[in-house]
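**Q** This structure is in structure tokens; I'll ask about it shortly.
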Amino acid sequence: MHLNHAVLAIFVLVYGFLCLSKHHKAKAIWIGIGLMVLCRALMPGDDPEGRLAIGYVFAKSINWNVIGILAGAMLLAELFIDSKVPVLLADVLAAHCKSTVTALLGVCLLSGFVSIFVDNVTTVLIVAPVALIIAKRTKISPVPFLIGMAVSSNLQGAATLIGDPPSMLLADHFDLTFNDFFLYKPAGADSGKLSMFFIMQAGAVTSLVVLYFFFRPYRRPMAQIEAEKPTSWAPTCMIGIMVAHLAVSSVLDPEFVWLAGTGNVVLALLGLAWAAKRNGGRVKGLLKRYDYPTIFFLAGIFVVAGAMNDFGWIAYIVDGVTAVVGGNRFIAFSFIVWFSVIVSGFIDNIAYIALMLPVAGGMAESPALGGSPFLYAAGLLVGSCLGGNITPFGAACNVVAVGILRREGHHISFWDFARIGLPFTVAATAAGWITTWLIWG
């Protein structure tokens with residue numbers, strides 16, 4: 001067996017585990033990396049450039065700038081939650097809604113807004129308590145509330161660099177800065193074009209119509225909710241500073257090498273020191289619930305996806321896709337979008353996106369297809385991030401929302417979720433698909 005075959009076999013085993021299991025993902029991917037490194041030690045002649053040497057893996061394969069952005073943003077998000085400002089925003093929004101249907105739509109919009117800056121699971125945990133209170137006081141089922149919140153937060157996670165790990169994978173592959181998610185100018189282009197933020201907003205507007213269709217029977221008067229008082233506004237200021245820092249770092253570090261990640265980590269550590277001075281006990285709890293596995297998982301994804309590319313397997317996939325779609329660029333782009341929707345409805349989209357981003361680049365370089373690499377990559381992100389909204393297990397925030405409903409005594413079947421998630425996904429994806437083609441096609 002050659003090393004490239006070993007890499008493929010290990011990748012298939014790890015990927016299969018990620019598809020079938022919801023737990024121990026970070027452990028699985030790093031066990032796989034360990035096996036790849038071991039195989040390289042046994043067959044060093046098959047890797048003369050040392051792409052699977054331990055030093056290369058940690059120094060070159062992992063994008064530490066992206067890891068720093070994620071690590072810092074997650075810690076600041078935890079401080080933001082503890083401040084109770086997100087709950088205040090939800091309360092104020094609910095207080096200004098005259099009927100339950102507008103409250104339902106308002107909570108979904110708020111979920112999407114928060115998800116632009118905070119990971120999707122955290123967003124659902126932030127807004128869910130207010131949604132449950134509204135449902136109880138108006139005596140309606142909380143099921144549409146929480147399903148709408150989950151799918152809305154999952155949609156907006158791809159709108160900015162800090163919204164979700166798939167956005168960070170896109171940033172890593174194309175060296176995108178925070179500002180590039182709003183207006184992106186590829187190397188050699190005469191001018192910039194609207195980027196992921198506006199593409200996802202097209203999906204958000206369209207999907208809001210779908211949600212209104214499901215929510216329109218709920219027209220009861222809105223119950224009054226007493227607004228939660230924040231414990232501090234400091235974390236909100238820190239979130240604002242983080243966004244400003246990421247915008248400025250896009251100018252000062254246009255190659256996206258170190259500044260954004262370093263600044264986020266420093267800001268998060270300052271926030272942690274501030275919180276420890278106020279209440280050391282709460283900081284211990286924060287550090288215990290901090291999502292370390294996601295950081296290790298994302299770091300591992302960089303290594304495994306890079307190995308698949310370095311050892312030639314991405315080129316095989318590109319050739320296969322090109323053979324299926326022929327030389328029609330629109331069909332190729334559409335295939336990437338809708339195939340990603342189907343796949344991501346059932347498996348982890350982070351691993352899928354990491355594998356397919358180099359494929360997107362390869363399709364653009366193919367003489368039979370051509371076009372902008374960003375066209376295929378944006379289509380990949382639209383399809384894979386929205387595809388998870390079809391099923392109750394297609395995205396982590398869906399699993400959390402269903403779990404909250406179960407604890408409230410509402411057991412959600414596959415169809416209960418899909419009857420909202422499927423039309424939401426089709427409408428939002430169609431809008432993103434068309435918008436992406438009109439801008440980048």
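Every chain in the structure tokens has a letter given in the order shown (A, B, ...), and although residue numbers restart at 1 in each chain, ligands are simply numbered from 1 in the order shown.
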As a list in words, please: the residues near stretch 169-179 of chain A (cut-off 7 Å, only C-alpha atoms, same-chain neighbours under 2 positions excluded).

**A**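 My reading of the contact set: Asn63, Val66, Thr160, Leu161, Pro165, Pro166, Ser167, Phe181, Phe182, Leu183, Leu246, Ala247, Ser250, Pro254, Glu255, Phe256 and Ala354 of chain A.
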
**Q** Write out as number ranges by chain all residues of stretch 148-336 of chain A that backbone DSSP assigns to helix (DSSP H, G or I).

**A** A: 148-156, 165-174, 179-181, 196-215, 234-252, 259-278, 280-289, 292-310, 313-325, 329-336

**Q** Tell me which protein, DNA and RNA residues are within 12 Å of A:Trp437, counting only C-alpha atoms, leaving out same-chain ones fewer than 2 positions away, and put them as an MDAnalysis selection string.

**A** chainID A and resid 193:195 199 329:334 337 371:372 374:379 382 430:435 439:441

**Q** Those residues with C-alpha atoms, as a PDB file, in the first residue's frame please?

**A**
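Writing the result to selection09.pdb gives the following:
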ATOM      1  CA  LYS A 193     -18.555  42.264  -5.888  1.00  0.00           C
ATOM      2  CA  LEU A 194     -21.179  41.647  -3.239  1.00  0.00           C
ATOM      3  CA  SER A 195     -20.169  38.674  -1.108  1.00  0.00           C
ATOM      4  CA  ILE A 199     -26.135  36.412  -0.623  1.00  0.00           C
ATOM      5  CA  ARG A 329     -20.878  26.139 -15.961  1.00  0.00           C
ATOM      6  CA  PHE A 330     -24.404  26.862 -14.729  1.00  0.00           C
ATOM      7  CA  ILE A 331     -25.205  23.152 -14.423  1.00  0.00           C
ATOM      8  CA  ALA A 332     -21.919  22.596 -12.573  1.00  0.00           C
ATOM      9  CA  PHE A 333     -22.668  25.444 -10.161  1.00  0.00           C
ATOM     10  CA  SER A 334     -26.236  24.237  -9.658  1.00  0.00           C
ATOM     11  CA  VAL A 337     -25.484  23.913  -4.601  1.00  0.00           C
ATOM     12  CA  GLY A 371     -15.329  30.730 -14.051  1.00  0.00           C
ATOM     13  CA  SER A 372     -14.560  32.278 -10.682  1.00  0.00           C
ATOM     14  CA  PHE A 374     -15.655  31.968  -5.558  1.00  0.00           C
ATOM     15  CA  LEU A 375     -18.758  31.147  -7.628  1.00  0.00           C
ATOM     16  CA  TYR A 376     -18.502  27.454  -6.812  1.00  0.00           C
ATOM     17  CA  ALA A 377     -17.300  28.058  -3.255  1.00  0.00           C
ATOM     18  CA  ALA A 378     -20.189  30.418  -2.465  1.00  0.00           C
ATOM     19  CA  GLY A 379     -22.617  27.899  -3.942  1.00  0.00           C
ATOM     20  CA  VAL A 382     -25.087  28.250   0.509  1.00  0.00           C
ATOM     21  CA  ALA A 430     -33.125  29.038  -4.266  1.00  0.00           C
ATOM     22  CA  ALA A 431     -32.727  32.731  -3.420  1.00  0.00           C
ATOM     23  CA  GLY A 432     -29.050  32.288  -2.526  1.00  0.00           C
ATOM     24  CA  TRP A 433     -28.457  30.128  -5.610  1.00  0.00           C
ATOM     25  CA  ILE A 434     -29.932  32.689  -8.006  1.00  0.00           C
ATOM     26  CA  THR A 435     -28.302  35.651  -6.249  1.00  0.00           C
ATOM     27  CA  ILE A 439     -23.360  38.262  -9.036  1.00  0.00           C
ATOM     28  CA  TRP A 440     -20.581  35.741  -9.759  1.00  0.00           C
ATOM     29  CA  GLY A 441     -21.794  33.663 -12.712  1.00  0.00           C
TER      30      GLY A 441
END

**Q** Select, from A:Leu105, A:Tyr15, A:Ala276, A:Lys139, the residue with the minimum atom-to-atom distance to A:Arg216, counting only C-alpha atoms.

**A**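 Using only C-alpha atoms, A:Arg216 sits closest to A:Leu105.
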
**Q** So that I can check the surroundings of A:Lys84, please list as a tab-separated table (two decimals) with N, CA and C atoms, in the first residue's frame every protein, DNA and RNA residue that reaches within 12 Å of it, counting only C-alpha atoms and ignoring chain neighbours fewer than 4 positions away.

**A**
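What ended up in result02.tsv:
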chain	number	residue	atom	x	y	z
A	77	ALA	N	-18.43	35.43	23.28
A	77	ALA	CA	-19.85	35.08	23.20
A	77	ALA	C	-20.36	34.57	24.54
A	78	GLU	N	-19.54	33.78	25.25
A	78	GLU	CA	-19.94	33.29	26.57
A	78	GLU	C	-20.13	34.45	27.56
A	79	LEU	N	-19.23	35.43	27.51
A	79	LEU	CA	-19.35	36.60	28.38
A	79	LEU	C	-20.60	37.41	28.00
A	80	PHE	N	-20.88	37.48	26.70
A	80	PHE	CA	-22.06	38.19	26.20
A	80	PHE	C	-23.34	37.54	26.73
A	88	LEU	N	-32.32	40.56	27.02
A	88	LEU	CA	-32.96	41.88	27.03
A	88	LEU	C	-33.42	42.26	25.63
A	89	LEU	N	-32.57	42.02	24.63
A	89	LEU	CA	-32.94	42.33	23.25
A	89	LEU	C	-34.18	41.56	22.84
A	90	ALA	N	-34.23	40.28	23.21
A	90	ALA	CA	-35.40	39.48	22.88
A	90	ALA	C	-36.65	39.99	23.59
A	91	ASP	N	-36.48	40.37	24.86
A	91	ASP	CA	-37.62	40.88	25.63
A	91	ASP	C	-38.17	42.17	25.04
A	125	LEU	N	-29.68	28.80	22.44
A	125	LEU	CA	-29.74	28.79	23.91
A	125	LEU	C	-30.06	30.17	24.47
A	126	ILE	N	-29.61	31.22	23.77
A	126	ILE	CA	-29.87	32.59	24.22
A	126	ILE	C	-31.35	32.94	24.08
A	127	VAL	N	-31.92	32.65	22.93
A	127	VAL	CA	-33.25	33.15	22.60
A	127	VAL	C	-34.36	32.19	23.03
A	129	PRO	N	-35.29	30.67	25.86
A	129	PRO	CA	-36.12	30.93	27.05
A	129	PRO	C	-37.22	31.98	26.81
A	130	VAL	N	-36.90	33.02	26.06
A	130	VAL	CA	-37.90	34.04	25.77
A	130	VAL	C	-39.00	33.48	24.88
A	227	ALA	N	-39.01	42.92	30.96
A	227	ALA	CA	-37.67	42.89	30.38
A	227	ALA	C	-36.62	42.50	31.41
A	228	GLU	N	-35.70	41.65	30.98
A	228	GLU	CA	-34.59	41.21	31.83
A	228	GLU	C	-33.59	42.36	31.96
A	229	LYS	N	-33.03	42.54	33.15
A	229	LYS	CA	-32.03	43.58	33.36
A	229	LYS	C	-30.64	43.01	33.15
A	230	PRO	N	-29.82	43.63	32.30
A	230	PRO	CA	-28.47	43.13	32.08
A	230	PRO	C	-27.62	43.25	33.34
A	231	THR	N	-26.68	42.33	33.49
A	231	THR	CA	-25.75	42.40	34.62
A	231	THR	C	-24.60	43.36	34.31
A	232	SER	N	-24.29	43.52	33.01
A	232	SER	CA	-23.23	44.44	32.61
A	232	SER	C	-23.32	44.67	31.10
A	233	TRP	N	-22.92	45.88	30.69
A	233	TRP	CA	-22.86	46.18	29.26
A	233	TRP	C	-21.45	46.02	28.71
A	234	ALA	N	-20.50	45.67	29.56
A	234	ALA	CA	-19.10	45.56	29.12
A	234	ALA	C	-18.91	44.50	28.02
A	235	PRO	N	-19.48	43.28	28.17
A	235	PRO	CA	-19.30	42.30	27.08
A	235	PRO	C	-19.87	42.75	25.75
A	236	THR	N	-20.96	43.53	25.79
A	236	THR	CA	-21.52	44.06	24.54
A	236	THR	C	-20.51	45.00	23.88

**Q** Leaving out A:Arg220 and any residue of its chain fewer than 5 positions from it, which residues lie within 9 Å of it when counting only C-alpha atoms, given as a PyMOL selection string?

**A** chain A and resi 98-101+138

**Q** Let me make sure I understand: among A:Val114, A:Leu35, A:Leu52, A:Val205, which one has the smallest atom-to-atom distance to A:Phe311 if we use only C-alpha atoms?

**A**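 Checking each of A:Val114, A:Leu35, A:Leu52, A:Val205 against A:Phe311, counting only C-alpha atoms, the winner is A:Leu52.
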
**Q** At what distance in Å, to one decimal, does atom CA of A:Pro186 lie from atom CA of A:Ser249?

**A** 17.9 Å

**Q** One number please: atom CA of A:Val209 to atom CA of A:Pro144, in Å, one decimal.

**A** 14.4 Å

**Q** May I ask which of the residues A:Val14, A:Ile62, A:Met149, A:Ile67 is the closest one to A:Asn398, counting only C-alpha atoms?

**A** A:Met149

**Q** Would you pick out the contacts of A:Val303 at 9 Å or less, using only C-alpha atoms, so that residues sharing its chain but fewer than 6 positions from it are not included, and give the list as number ranges by chain?

**A** A: 33, 52, 57-58, 60-62

**Q** Go ahead and save the residues from that selection, with C-alpha atoms, as a PDB file, in the first residue's frame.

**A**
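Contents of the output file selection.pdb:
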ATOM      1  CA  ILE A  33      -4.341  12.349  11.871  1.00  0.00           C
ATOM      2  CA  LEU A  52       2.461  14.635   7.050  1.00  0.00           C
ATOM      3  CA  VAL A  57       1.099  19.442  10.393  1.00  0.00           C
ATOM      4  CA  PHE A  58       1.208  21.912  13.276  1.00  0.00           C
ATOM      5  CA  LYS A  60       1.660  24.738   8.086  1.00  0.00           C
ATOM      6  CA  SER A  61      -1.515  22.660   7.798  1.00  0.00           C
ATOM      7  CA  ILE A  62      -3.501  24.415  10.543  1.00  0.00           C
TER       8      ILE A  62
END

**Q** If we count only C-alpha atoms, what is near A:Tyr212 at a cut-off of 12 Å, once residues fewer than 6 positions away on the same chain are taken out, given as a list of chain:residue names?

**A**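 That gives A:Thr100, A:Val101, A:Thr102, A:Ala103, A:Leu104, A:Leu105, A:Gly106, A:Cys108, A:Leu109, A:Pro144, A:Phe145, A:Gly148, A:Val205, A:Thr206, A:Tyr218, A:Arg219, A:Ile420, A:Pro423, A:Phe424.
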
**Q** Closest to A:Leu110 among A:Ile134, A:Gly72, A:His24, A:Ser152, using only C-alpha atoms?

**A**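 Smallest separation from A:Leu110 among the options: A:Ser152.
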
**Q** Please run DSSP on the backbone and report, as a list in words, all residues within stretch 146-294 of chain A that come out as strand (DSSP E).

**A**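 Answer for stretch 146-294 of chain A, restricted to strand (DSSP E): Leu183, Tyr184, Lys193 and Leu194 of chain A.
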
**Q** Calculate how many Å separate atom CA of A:Phe117 from atom CA of A:Gly163, rounding to one decimal.

**A**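 We find that atom CA of A:Phe117 and atom CA of A:Gly163 lie 5.1 Å from each other.
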
**Q** So, counting only C-alpha atoms, which residue among A:Ala305, A:Ala244, A:Phe214, A:Val265 is closest to A:Ile350?

**A**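 Result for the nearest residue to A:Ile350: A:Ala305.
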
**Q** Go through A:Lys27, A:Lys136, A:Arg406, A:Arg419 and flag the residue nearest A:Val210, using only C-alpha atoms for the distances.

**A** A:Arg419
